[in-house]
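Enquirer: Pasting query.tsv here (TSV, C-alpha atoms):
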```tsv
chain	number	residue	atom	x	y	z
B	1	MET	CA	45.10	98.08	-115.44
B	2	ASP	CA	42.92	99.98	-117.93
B	3	PRO	CA	44.67	98.64	-121.06
B	4	LEU	CA	44.07	95.09	-119.83
B	5	PHE	CA	40.40	95.84	-119.05
B	6	ALA	CA	40.00	97.44	-122.48
B	7	TRP	CA	41.54	94.38	-124.16
B	8	VAL	CA	39.22	91.98	-122.31
B	9	GLU	CA	36.16	94.15	-122.96
B	10	ALA	CA	36.98	94.25	-126.69
B	11	SER	CA	37.38	90.46	-126.95
B	12	TRP	CA	34.52	88.66	-128.65
B	13	PRO	CA	33.38	86.51	-125.64
B	14	SER	CA	33.13	89.65	-123.51
B	15	ARG	CA	31.23	91.57	-126.19
B	16	TRP	CA	28.92	88.61	-126.85
B	17	LEU	CA	28.11	88.23	-123.14
B	18	ARG	CA	27.41	91.96	-122.76
B	19	GLU	CA	25.75	92.85	-126.02
B	20	SER	CA	23.91	89.74	-127.21
B	21	LEU	CA	20.18	89.91	-126.73
B	22	SER	CA	20.11	86.11	-126.49
B	23	ILE	CA	18.81	84.63	-123.26
B	24	PHE	CA	21.81	82.25	-123.50
B	25	ALA	CA	24.31	85.08	-123.07
B	26	PHE	CA	24.41	87.11	-119.85
B	27	PRO	CA	21.04	85.94	-118.42
B	28	MET	CA	21.97	82.25	-118.63
B	29	VAL	CA	25.42	82.74	-117.14
B	30	LEU	CA	23.94	84.73	-114.24
B	31	THR	CA	21.20	82.12	-113.74
B	32	LEU	CA	23.75	79.29	-113.67
B	33	HIS	CA	25.78	81.32	-111.15
B	34	THR	CA	22.70	81.45	-108.89
B	35	LEU	CA	22.07	77.74	-109.42
B	36	GLY	CA	25.67	77.03	-108.44
B	37	LEU	CA	25.19	79.14	-105.32
B	38	ALA	CA	22.12	77.10	-104.37
B	39	LEU	CA	24.06	73.85	-104.91
B	40	LEU	CA	27.18	74.96	-103.04
B	41	ALA	CA	25.56	76.83	-100.14
B	42	GLY	CA	22.56	74.47	-100.03
B	43	SER	CA	24.47	71.17	-99.91
B	44	SER	CA	27.12	72.38	-97.52
B	45	SER	CA	24.51	74.06	-95.26
B	46	ALA	CA	22.63	70.76	-94.94
B	47	LEU	CA	25.88	69.14	-93.85
B	48	CYS	CA	26.66	71.99	-91.44
B	49	LEU	CA	23.19	71.80	-89.89
B	50	ARG	CA	23.71	68.08	-89.28
B	51	LEU	CA	27.12	68.74	-87.71
B	52	LEU	CA	25.48	71.37	-85.48
B	53	GLY	CA	23.11	68.72	-84.17
B	54	VAL	CA	20.02	69.00	-86.42
B	55	ALA	CA	18.58	65.54	-87.32
B	56	ARG	CA	21.25	63.89	-85.22
B	57	GLN	CA	19.95	60.33	-85.86
B	58	VAL	CA	21.25	60.69	-89.43
B	59	PRO	CA	24.78	59.19	-89.69
B	60	VAL	CA	27.12	61.98	-90.83
B	61	GLY	CA	29.01	59.57	-93.11
B	62	ALA	CA	25.77	58.88	-95.03
B	63	LEU	CA	25.62	62.57	-96.01
B	64	ALA	CA	29.09	62.51	-97.60
B	65	PRO	CA	27.65	62.65	-101.19
B	66	LEU	CA	26.53	66.20	-100.33
B	67	LEU	CA	30.19	67.22	-100.38
B	68	SER	CA	30.52	66.13	-104.03
B	69	LEU	CA	27.40	68.12	-104.85
B	70	ALA	CA	28.83	71.17	-103.09
B	71	TRP	CA	31.99	70.88	-105.23
B	72	CYS	CA	29.84	70.67	-108.38
B	73	GLY	CA	28.26	73.96	-107.30
B	74	PHE	CA	31.67	75.47	-106.59
B	75	TRP	CA	33.12	74.59	-110.02
B	76	LEU	CA	29.96	75.74	-111.79
B	77	ASN	CA	30.35	79.07	-110.04
B	78	ALA	CA	34.09	79.30	-110.65
B	79	VAL	CA	33.42	78.97	-114.40
B	80	THR	CA	30.34	81.21	-114.55
B	81	GLY	CA	32.01	83.71	-112.19
B	82	LEU	CA	35.00	83.91	-114.53
B	83	ALA	CA	32.60	84.52	-117.43
B	84	LEU	CA	30.87	87.33	-115.48
B	85	VAL	CA	34.24	88.99	-114.75
B	86	TRP	CA	35.21	88.55	-118.41
B	87	ALA	CA	32.01	90.35	-119.43
B	88	TYR	CA	32.59	93.29	-117.03
B	89	PRO	CA	36.25	93.28	-115.88
B	90	THR	CA	36.32	97.00	-115.00
B	91	LYS	CA	33.09	96.74	-113.01
B	92	ALA	CA	34.37	93.79	-110.93
B	93	LEU	CA	38.07	94.49	-110.53
B	94	THR	CA	37.79	98.18	-109.62
B	95	ASN	CA	35.39	97.35	-106.78
B	96	LEU	CA	37.11	96.59	-103.46
B	97	LEU	CA	34.10	94.56	-102.37
B	98	PHE	CA	34.81	92.11	-105.21
B	99	TYR	CA	38.11	91.15	-103.53
B	100	GLY	CA	36.24	90.81	-100.24
B	101	LYS	CA	33.85	88.37	-101.89
B	102	LEU	CA	36.74	86.39	-103.39
B	103	ALA	CA	38.38	86.21	-99.95
B	104	LEU	CA	35.11	84.97	-98.40
B	105	VAL	CA	34.70	82.30	-101.09
B	106	ALA	CA	38.34	81.23	-100.58
B	107	LEU	CA	37.69	80.95	-96.84
B	108	GLY	CA	34.56	78.91	-97.57
B	109	VAL	CA	36.56	76.53	-99.79
B	110	VAL	CA	39.24	76.06	-97.10
B	111	LEU	CA	36.55	75.34	-94.49
B	112	LEU	CA	34.77	72.94	-96.85
B	113	LEU	CA	38.04	71.03	-97.39
B	114	ARG	CA	38.53	70.79	-93.63
B	115	LEU	CA	34.90	69.70	-93.20
B	116	ARG	CA	35.60	66.62	-95.30
B	117	ARG	CA	37.77	65.17	-92.54
B	118	HIS	CA	34.97	65.62	-90.00
B	119	CYS	CA	32.53	63.71	-92.23
B	120	ALA	CA	34.77	60.68	-92.64
B	121	GLY	CA	34.77	57.72	-90.29
B	122	GLY	CA	32.48	54.75	-89.80
B	123	PRO	CA	29.77	54.18	-87.21
B	124	ALA	CA	32.44	53.46	-84.59
B	125	SER	CA	33.86	56.98	-84.69
B	126	PRO	CA	32.52	59.42	-82.07
B	127	ALA	CA	29.43	61.45	-82.95
B	128	PRO	CA	30.96	64.46	-84.76
B	129	GLU	CA	28.58	67.03	-83.29
B	130	ARG	CA	30.03	66.32	-79.86
B	131	THR	CA	33.40	67.79	-80.72
B	132	ARG	CA	33.56	71.53	-80.31
B	133	ALA	CA	35.97	71.95	-83.23
B	134	THR	CA	33.44	70.39	-85.63
B	135	ARG	CA	30.60	72.58	-84.42
B	136	ARG	CA	32.75	75.69	-84.67
B	137	LEU	CA	33.80	74.75	-88.21
B	138	ALA	CA	30.18	74.17	-89.29
B	139	ALA	CA	28.98	77.46	-87.77
B	140	LEU	CA	31.88	79.36	-89.35
B	141	LEU	CA	31.14	77.88	-92.79
B	142	LEU	CA	27.44	78.85	-92.54
B	143	GLY	CA	28.45	82.39	-91.57
B	144	THR	CA	30.99	82.55	-94.40
B	145	TRP	CA	28.38	81.65	-97.03
B	146	VAL	CA	25.94	84.25	-95.65
B	147	ALA	CA	28.68	86.89	-95.81
B	148	ALA	CA	29.71	85.79	-99.34
B	149	ILE	CA	26.08	86.03	-100.50
B	150	PHE	CA	25.77	89.57	-99.07
B	151	ALA	CA	29.07	90.59	-100.69
B	152	GLY	CA	27.98	89.13	-104.03
B	153	ARG	CA	24.60	90.85	-104.04
B	154	PHE	CA	26.04	94.23	-103.04
B	155	LEU	CA	28.49	94.03	-105.98
B	156	ALA	CA	25.61	94.99	-108.27
B	157	TYR	CA	25.06	98.21	-106.28
B	158	THR	CA	28.53	99.36	-105.28
B	159	TYR	CA	30.62	99.42	-108.46
B	160	GLN	CA	32.32	102.70	-109.37
B	161	ARG	CA	32.94	102.13	-113.09
B	162	LEU	CA	31.02	99.83	-115.44
B	163	LEU	CA	33.38	99.75	-118.45
B	164	VAL	CA	36.78	101.29	-119.25
B	165	GLY	CA	35.32	104.07	-121.34
B	166	HIS	CA	32.79	105.14	-118.68
V	167	MET	CA	-31.15	118.74	-126.30
V	168	HIS	CA	-29.50	117.64	-129.49
V	169	THR	CA	-25.94	117.73	-128.16
V	170	THR	CA	-26.59	115.11	-125.51
V	171	PRO	CA	-25.95	112.03	-127.72
V	172	GLU	CA	-22.52	113.35	-128.70
V	173	VAL	CA	-21.53	114.01	-125.10
V	174	ASP	CA	-22.81	110.57	-124.14
V	175	SER	CA	-20.83	108.84	-126.84
V	176	ALA	CA	-17.68	110.74	-125.93
V	177	ILE	CA	-18.01	109.61	-122.33
V	178	THR	CA	-18.57	106.03	-123.45
V	179	VAL	CA	-15.44	106.09	-125.60
V	180	VAL	CA	-13.32	107.55	-122.80
V	181	GLY	CA	-14.74	104.96	-120.42
V	182	ALA	CA	-13.92	102.11	-122.79
V	183	VAL	CA	-10.35	103.32	-123.30
V	184	THR	CA	-9.83	103.61	-119.54
V	185	ARG	CA	-11.15	100.11	-118.99
V	186	THR	CA	-8.95	98.43	-121.60
V	187	ALA	CA	-5.87	100.41	-120.56
V	188	THR	CA	-6.23	99.40	-116.90
V	189	PRO	CA	-4.15	96.28	-116.24
V	190	PRO	CA	-5.53	93.66	-113.87
V	191	LEU	CA	-4.79	94.14	-110.15
V	192	ASP	CA	-4.18	97.83	-110.76
V	193	GLY	CA	-5.90	98.71	-107.50
V	194	LEU	CA	-3.39	96.54	-105.65
V	195	ARG	CA	-0.53	98.25	-107.48
V	196	VAL	CA	-1.77	101.75	-106.63
V	197	TRP	CA	-2.31	100.85	-102.99
V	198	LEU	CA	1.09	99.16	-102.58
V	199	GLU	CA	2.93	102.03	-104.26
V	200	GLY	CA	1.48	104.39	-101.65
V	201	THR	CA	2.75	102.42	-98.66
V	202	ALA	CA	5.70	103.50	-96.53
V	203	VAL	CA	7.40	100.14	-97.17
V	204	SER	CA	7.30	100.75	-100.92
V	205	HIS	CA	8.82	104.20	-100.50
V	206	PHE	CA	11.51	102.81	-98.21
V	207	MET	CA	12.44	100.04	-100.68
V	208	ASN	CA	12.92	102.64	-103.42
V	209	TRP	CA	14.45	105.41	-101.35
V	210	SER	CA	17.01	103.57	-99.26
V	211	TRP	CA	20.22	102.56	-101.04
V	212	TRP	CA	20.72	99.47	-98.86
V	213	ALA	CA	17.17	98.13	-98.43
V	214	TRP	CA	16.96	96.48	-101.84
V	215	PRO	CA	20.38	94.74	-101.84
V	216	THR	CA	19.90	93.67	-98.21
V	217	ALA	CA	16.50	92.14	-99.00
V	218	GLU	CA	18.08	90.46	-102.05
V	219	SER	CA	20.89	89.00	-99.94
V	220	LEU	CA	18.37	87.65	-97.41
V	221	HIS	CA	16.30	86.31	-100.33
V	222	PHE	CA	19.38	84.32	-101.43
V	223	VAL	CA	20.19	83.18	-97.88
V	224	GLY	CA	16.59	81.96	-97.63
V	225	LEU	CA	16.75	80.10	-100.93
V	226	SER	CA	20.03	78.45	-99.90
V	227	THR	CA	18.46	77.28	-96.63
V	228	LEU	CA	15.41	75.99	-98.50
V	229	PHE	CA	17.65	74.23	-101.02
V	230	ALA	CA	19.62	72.61	-98.18
V	231	THR	CA	16.45	70.78	-97.11
V	232	VAL	CA	15.12	70.21	-100.63
V	233	ILE	CA	18.39	68.71	-101.91
V	234	VAL	CA	18.75	66.23	-99.02
V	235	PHE	CA	15.08	65.19	-99.11
V	236	ASP	CA	14.87	64.77	-102.85
V	237	LEU	CA	18.18	62.90	-103.14
V	238	ARG	CA	16.88	60.49	-100.49
V	239	LEU	CA	13.58	60.05	-102.35
V	240	LEU	CA	15.51	59.37	-105.56
V	241	GLY	CA	17.33	56.52	-103.83
V	242	MET	CA	20.62	58.33	-103.28
V	243	LEU	CA	21.88	58.74	-99.68
V	244	PRO	CA	20.81	55.13	-98.97
V	245	GLY	CA	22.30	55.25	-95.48
V	246	VAL	CA	19.74	57.82	-94.34
V	247	ARG	CA	16.35	56.82	-92.85
V	248	PRO	CA	13.75	59.17	-94.43
V	249	ALA	CA	11.95	59.63	-91.11
V	250	HIS	CA	15.15	60.98	-89.56
V	251	LEU	CA	15.26	63.79	-92.11
V	252	GLU	CA	12.03	65.33	-90.87
V	253	ARG	CA	13.95	67.44	-88.34
V	254	LEU	CA	15.29	69.38	-91.33
V	255	ILE	CA	11.81	70.49	-92.39
V	256	PRO	CA	11.56	73.52	-90.03
V	257	TRP	CA	14.79	74.83	-91.60
V	258	GLY	CA	13.37	74.45	-95.08
V	259	VAL	CA	10.16	76.20	-94.03
V	260	GLY	CA	12.20	78.94	-92.35
V	261	GLY	CA	14.23	79.50	-95.53
V	262	PHE	CA	11.05	79.58	-97.61
V	263	VAL	CA	9.40	82.12	-95.28
V	264	LEU	CA	12.52	84.32	-95.40
V	265	SER	CA	12.50	84.26	-99.21
V	266	LEU	CA	8.74	84.77	-99.40
V	267	SER	CA	8.79	87.79	-97.07
V	268	THR	CA	11.76	89.45	-98.80
V	269	GLY	CA	10.01	88.66	-102.11
V	270	ALA	CA	6.95	90.49	-100.79
V	271	LEU	CA	9.22	93.51	-100.09
V	272	PHE	CA	10.40	93.55	-103.73
V	273	PHE	CA	6.81	93.27	-104.94
V	274	THR	CA	5.73	96.12	-102.66
V	275	GLY	CA	8.63	98.23	-103.97
V	276	ILE	CA	7.72	98.03	-107.67
V	277	PRO	CA	4.41	96.14	-108.00
V	278	GLY	CA	3.75	97.38	-111.54
V	279	MET	CA	6.99	95.84	-112.82
V	280	TYR	CA	6.16	92.44	-111.31
V	281	LEU	CA	2.52	92.39	-112.43
V	282	ALA	CA	3.61	93.01	-116.03
V	283	ASN	CA	6.55	90.58	-115.93
V	284	PRO	CA	6.01	87.14	-117.55
V	285	ALA	CA	8.92	85.58	-115.62
V	286	PHE	CA	7.26	86.61	-112.34
V	287	TRP	CA	4.02	84.84	-113.32
V	288	VAL	CA	5.91	81.72	-114.42
V	289	LYS	CA	7.65	81.77	-111.04
V	290	THR	CA	4.30	82.13	-109.24
V	291	LEU	CA	2.84	79.17	-111.16
V	292	LEU	CA	5.93	77.09	-110.36
V	293	LEU	CA	5.56	77.92	-106.65
V	294	LEU	CA	1.96	76.68	-106.83
V	295	ALA	CA	3.24	73.53	-108.57
V	296	ALA	CA	5.77	73.03	-105.76
V	297	GLY	CA	2.91	73.24	-103.26
V	298	ALA	CA	0.84	70.71	-105.24
V	299	ASN	CA	3.83	68.36	-105.47
V	300	LEU	CA	4.34	68.60	-101.71
V	301	ALA	CA	0.64	67.90	-101.11
V	302	VAL	CA	0.78	64.77	-103.29
V	303	TYR	CA	3.85	63.59	-101.36
V	304	GLN	CA	2.27	64.23	-97.95
V	305	LEU	CA	-1.05	62.58	-98.85
V	306	TRP	CA	-0.02	59.51	-100.83
V	307	ALA	CA	3.75	58.95	-100.72
V	308	ARG	CA	4.81	59.86	-97.18
V	309	PRO	CA	2.78	57.15	-95.37
V	310	ARG	CA	4.45	54.48	-97.49
V	311	VAL	CA	7.90	56.04	-97.16
V	312	ALA	CA	7.50	56.08	-93.36
V	313	ARG	CA	6.82	52.30	-93.33
V	314	LEU	CA	9.80	51.53	-95.53
V	315	ALA	CA	12.14	48.90	-94.10
V	316	ALA	CA	15.92	49.38	-94.35
V	317	GLY	CA	17.23	48.49	-97.81
V	318	GLU	CA	13.73	48.44	-99.35
V	319	PRO	CA	13.49	50.40	-102.63
V	320	MET	CA	11.68	53.75	-102.70
V	321	PRO	CA	8.07	53.59	-104.07
V	322	MET	CA	7.72	55.00	-107.59
V	323	LEU	CA	5.40	57.83	-106.49
V	324	ALA	CA	7.95	59.02	-103.91
V	325	ARG	CA	10.68	58.99	-106.56
V	326	LEU	CA	8.50	61.02	-108.90
V	327	CYS	CA	7.77	63.53	-106.12
V	328	GLY	CA	11.51	63.89	-105.45
V	329	LEU	CA	12.31	64.38	-109.13
V	330	GLY	CA	9.39	66.80	-109.53
V	331	SER	CA	10.50	68.80	-106.49
V	332	LEU	CA	14.08	69.16	-107.76
V	333	ALA	CA	12.86	70.20	-111.21
V	334	ILE	CA	10.25	72.64	-109.89
V	335	TRP	CA	12.53	74.39	-107.39
V	336	THR	CA	15.25	74.69	-110.04
V	337	GLY	CA	12.58	76.24	-112.28
V	338	VAL	CA	11.57	78.67	-109.51
V	339	LEU	CA	15.20	79.78	-109.19
V	340	VAL	CA	15.65	80.18	-112.97
V	341	ALA	CA	12.36	82.08	-113.42
V	342	GLY	CA	13.20	84.29	-110.43
V	343	ARG	CA	16.61	85.17	-111.83
V	344	LEU	CA	15.08	85.90	-115.25
V	345	ILE	CA	12.65	88.47	-113.78
V	346	ALA	CA	15.50	90.99	-114.11
V	347	PHE	CA	15.68	90.33	-117.87
V	348	TYR	CA	11.96	90.53	-118.65
V	349	LYS	CA	11.40	93.95	-117.11
V	350	PRO	CA	8.61	95.63	-119.06
```
Will you turn the file into structure tokens for me?
Expert:
Amino acid sequence: MDPLFAWVEASWPSRWLRESLSIFAFPMVLTLHTLGLALLAGSSSALCLRLLGVARQVPVGALAPLLSLAWCGFWLNAVTGLALVWAYPTKALTNLLFYGKLALVALGVVLLLRLRRHCAGGPASPAPERTRATRRLAALLLGTWVAAIFAGRFLAYTYQRLLVGH
Amino acid sequence: MHTTPEVDSAITVVGAVTRTATPPLDGLRVWLEGTAVSHFMNWSWWAWPTAESLHFVGLSTLFATVIVFDLRLLGMLPGVRPAHLERLIPWGVGGFVLSLSTGALFFTGIPGMYLANPAFWVKTLLLLAAGANLAVYQLWARPRVARLAAGEPMPMLARLCGLGSLAIWTGVLVAGRLIAFYKP
């Protein structure tokens, strides 16, 4: 894989992200990645809390716009995450934990897609928090985001190699 | 004794240099750096990333409440009665307390870095602004929001509080992230 890493690291976007002193290079991408995390985990956690029975007078269907916001956060982080990997491909792809984080995010996305079905339905449909499957899904999604956050943070402390030449 | 003035002036100069070279809150820094918590934060390989992860879990929980509340104040989520959202507040407070206490651990770990970091002070000011915004909402906007009939538009002050809250908390997050890039 080293020739591929070396090629990516030598490309101008990678070099610009790593070496530019501009606040719009690496710092902005990392900041947007954190903002995306707040949008994705924040919006979907609010929905999960409701499905777990917090603020149960609120109709679940009325919170559906939160799902769109969560997807905005996801796509922001998919793009900024790709940029971060492009800046440091060796650092990310030689760390096993990175694949663990990707797996957790993938699980979160699958759960979020399944959550959509539990948020649909008018006032006539049964209160979603009553069904055990919905509660289990909401709790699992909350746990998945916590685990993904831990995995993401520990990436900065567990990498073996920073760049190909190191 | 004719040497006394020279000795005196030397002491004065040394004293002046010491005073100007001492940053504000240096006593706090020295005291914090001597604590067991500070040593632990620097010595343990997992303490710092664990506190960081919890800091992010806390901010996500806080944002869960902030996003729903502010969207409602801005007139989105029209199907939600504002009074019904108040059950979310303890979760927002819990998230904030988690982030504040893990933040205190970082500060205790390397207080000198934070005290000399402009991004940290911007973040502190923004946190104070968030508190002021919340106070304005509680004092003047919340009573009117609570009396709002279904379908009635949100009062302008409540909308401004919602917009201000979203902007300020986004600013807190940005300034917090930038602390790492303004290390003295």
Enquirer: Up to 8 Å from chain V, what residues of chain B turn up? Count only C-alpha atoms and give them as an MDAnalysis selection string.
Expert: chainID B and resid 27 30:31 34:35 37:39 41:46 54:55 57:59 62:63 65:66 146 149:150 153:154 157
Enquirer: If I wrap all listed atoms of segment 300-303 of chain V in a box with edges along x, y and z and add 5 Å on each side, what are its centre and edge lengths in Å to one decimal, as AutoDock Vina command-line options?
Expert:
```
--center_x 2.5 --center_y 66.1 --center_z -102.2 --size_x 13.7 --size_y 15.0 --size_z 12.2
```
Enquirer: I'd like the interatomic distance between atom CA of Leu281 of chain V and atom CA of His33 of chain B, to a tenth of an Å.
Expert: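 Atom-to-atom, atom CA of Leu281 of chain V and atom CA of His33 of chain B are spaced 25.8 Å apart.
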Enquirer: Which of these, B:Ala151, B:Arg116, B:Leu17, B:Arg161, has the shortest distance to Trp71 of chain B once you count all atoms listed in the file?
Expert: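 Distance minimum relative to Trp71 of chain B lands on B:Arg116.
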Enquirer: So that I can check the surroundings of Leu141 of chain B, please list as a PDB file with C-alpha atoms, keeping the file's coordinate frame every protein, DNA and RNA residue that reaches within 6 Å of it, counting all atoms listed in the file and ignoring chain neighbours fewer than 3 positions away.
Expert:
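Saved to around23.pdb:
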```pdb
ATOM      1  CA  GLY B 108      34.560  78.910 -97.570  1.00  0.00           C
ATOM      2  CA  ALA B 138      30.180  74.170 -89.290  1.00  0.00           C
ATOM      3  CA  THR B 144      30.990  82.550 -94.400  1.00  0.00           C
TER       4      THR B 144
END
```
Enquirer: Compile the contact shell of segment 320-334 of chain V as a list of chain:residue names: residues with an atom at most 9 Å away, counting only C-alpha atoms, same-chain residues fewer than 5 positions apart removed.
Expert: V:Val232, V:Ile233, V:Phe235, V:Asp236, V:Leu237, V:Arg238, V:Leu239, V:Leu240, V:Gly241, V:Leu292, V:Leu293, V:Ala295, V:Ala296, V:Asn299, V:Leu300, V:Val302, V:Tyr303, V:Trp306, V:Ala307, V:Arg308, V:Arg310, V:Val311, V:Leu314, V:Leu339
Enquirer: Take the selection from the previous step and output its residues with C-alpha atoms, as a compact mmCIF listing (two decimals), in the coordinates of the input.
Expert:
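Once written, out16.txt looks like this:
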```txt
# COMPACT_ATOMS: atom_id res chain seq x y z
CA VAL V 232 15.12 70.21 -100.63
CA ILE V 233 18.39 68.71 -101.91
CA PHE V 235 15.08 65.19 -99.11
CA ASP V 236 14.87 64.77 -102.85
CA LEU V 237 18.18 62.90 -103.14
CA ARG V 238 16.88 60.49 -100.49
CA LEU V 239 13.58 60.05 -102.35
CA LEU V 240 15.51 59.37 -105.56
CA GLY V 241 17.33 56.52 -103.83
CA LEU V 292 5.93 77.09 -110.36
CA LEU V 293 5.56 77.92 -106.65
CA ALA V 295 3.24 73.53 -108.57
CA ALA V 296 5.77 73.03 -105.76
CA ASN V 299 3.83 68.36 -105.47
CA LEU V 300 4.34 68.60 -101.71
CA VAL V 302 0.78 64.77 -103.29
CA TYR V 303 3.85 63.59 -101.36
CA TRP V 306 -0.02 59.51 -100.83
CA ALA V 307 3.75 58.95 -100.72
CA ARG V 308 4.81 59.86 -97.18
CA ARG V 310 4.45 54.48 -97.49
CA VAL V 311 7.90 56.04 -97.16
CA LEU V 314 9.80 51.53 -95.53
CA LEU V 339 15.20 79.78 -109.19
```
Enquirer: Figure out the distance between atom CA of Trp335 of chain V and atom CA of Trp75 of chain B, please, to one decimal in Å.
Expert: 20.8 Å
Enquirer: Could you check the closest approach to Tyr88 of chain B for each of B:Ala133, B:Val164, B:Pro3, B:Trp12 and tell me which residue wins, using all atoms listed in the file?
Expert: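 Smallest distance to Tyr88 of chain B is found for B:Val164.
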Enquirer: Taking all atoms listed in the file into account, which of B:Leu155, B:Cys119, B:Leu76, B:Val29 comes nearest Gly100 of chain B?
Expert: B:Leu155
Enquirer: Have a look at B:Thr158, B:Pro13, B:Val8, B:Leu21 and name the one nearest to Leu97 of chain B; count only C-alpha atoms.
Expert: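 Closest candidate: B:Thr158.
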Enquirer: May I ask for the distance between atom CA of Gly261 of chain V and atom CA of Val105 of chain B, given in Å to one decimal place?
Expert: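 Going from atom CA of Gly261 of chain V over to atom CA of Val105 of chain B, I get 21.4 Å.
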Enquirer: Which residue is closest to Ser204 of chain V? Choose from V:Thr274, V:Gly269, V:Val263, V:Lys349 and count all atoms listed in the file.
Expert: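 Closest residue, counting all atoms listed in the file: V:Thr274.
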Enquirer: Name the closest residue to Ala147 of chain B among the candidates B:Leu104, B:Leu113, B:Leu84, B:Phe5; distances are taken between atoms, counting all atoms listed in the file.
Expert: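 Among the listed residues, B:Leu104 lies closest to Ala147 of chain B.
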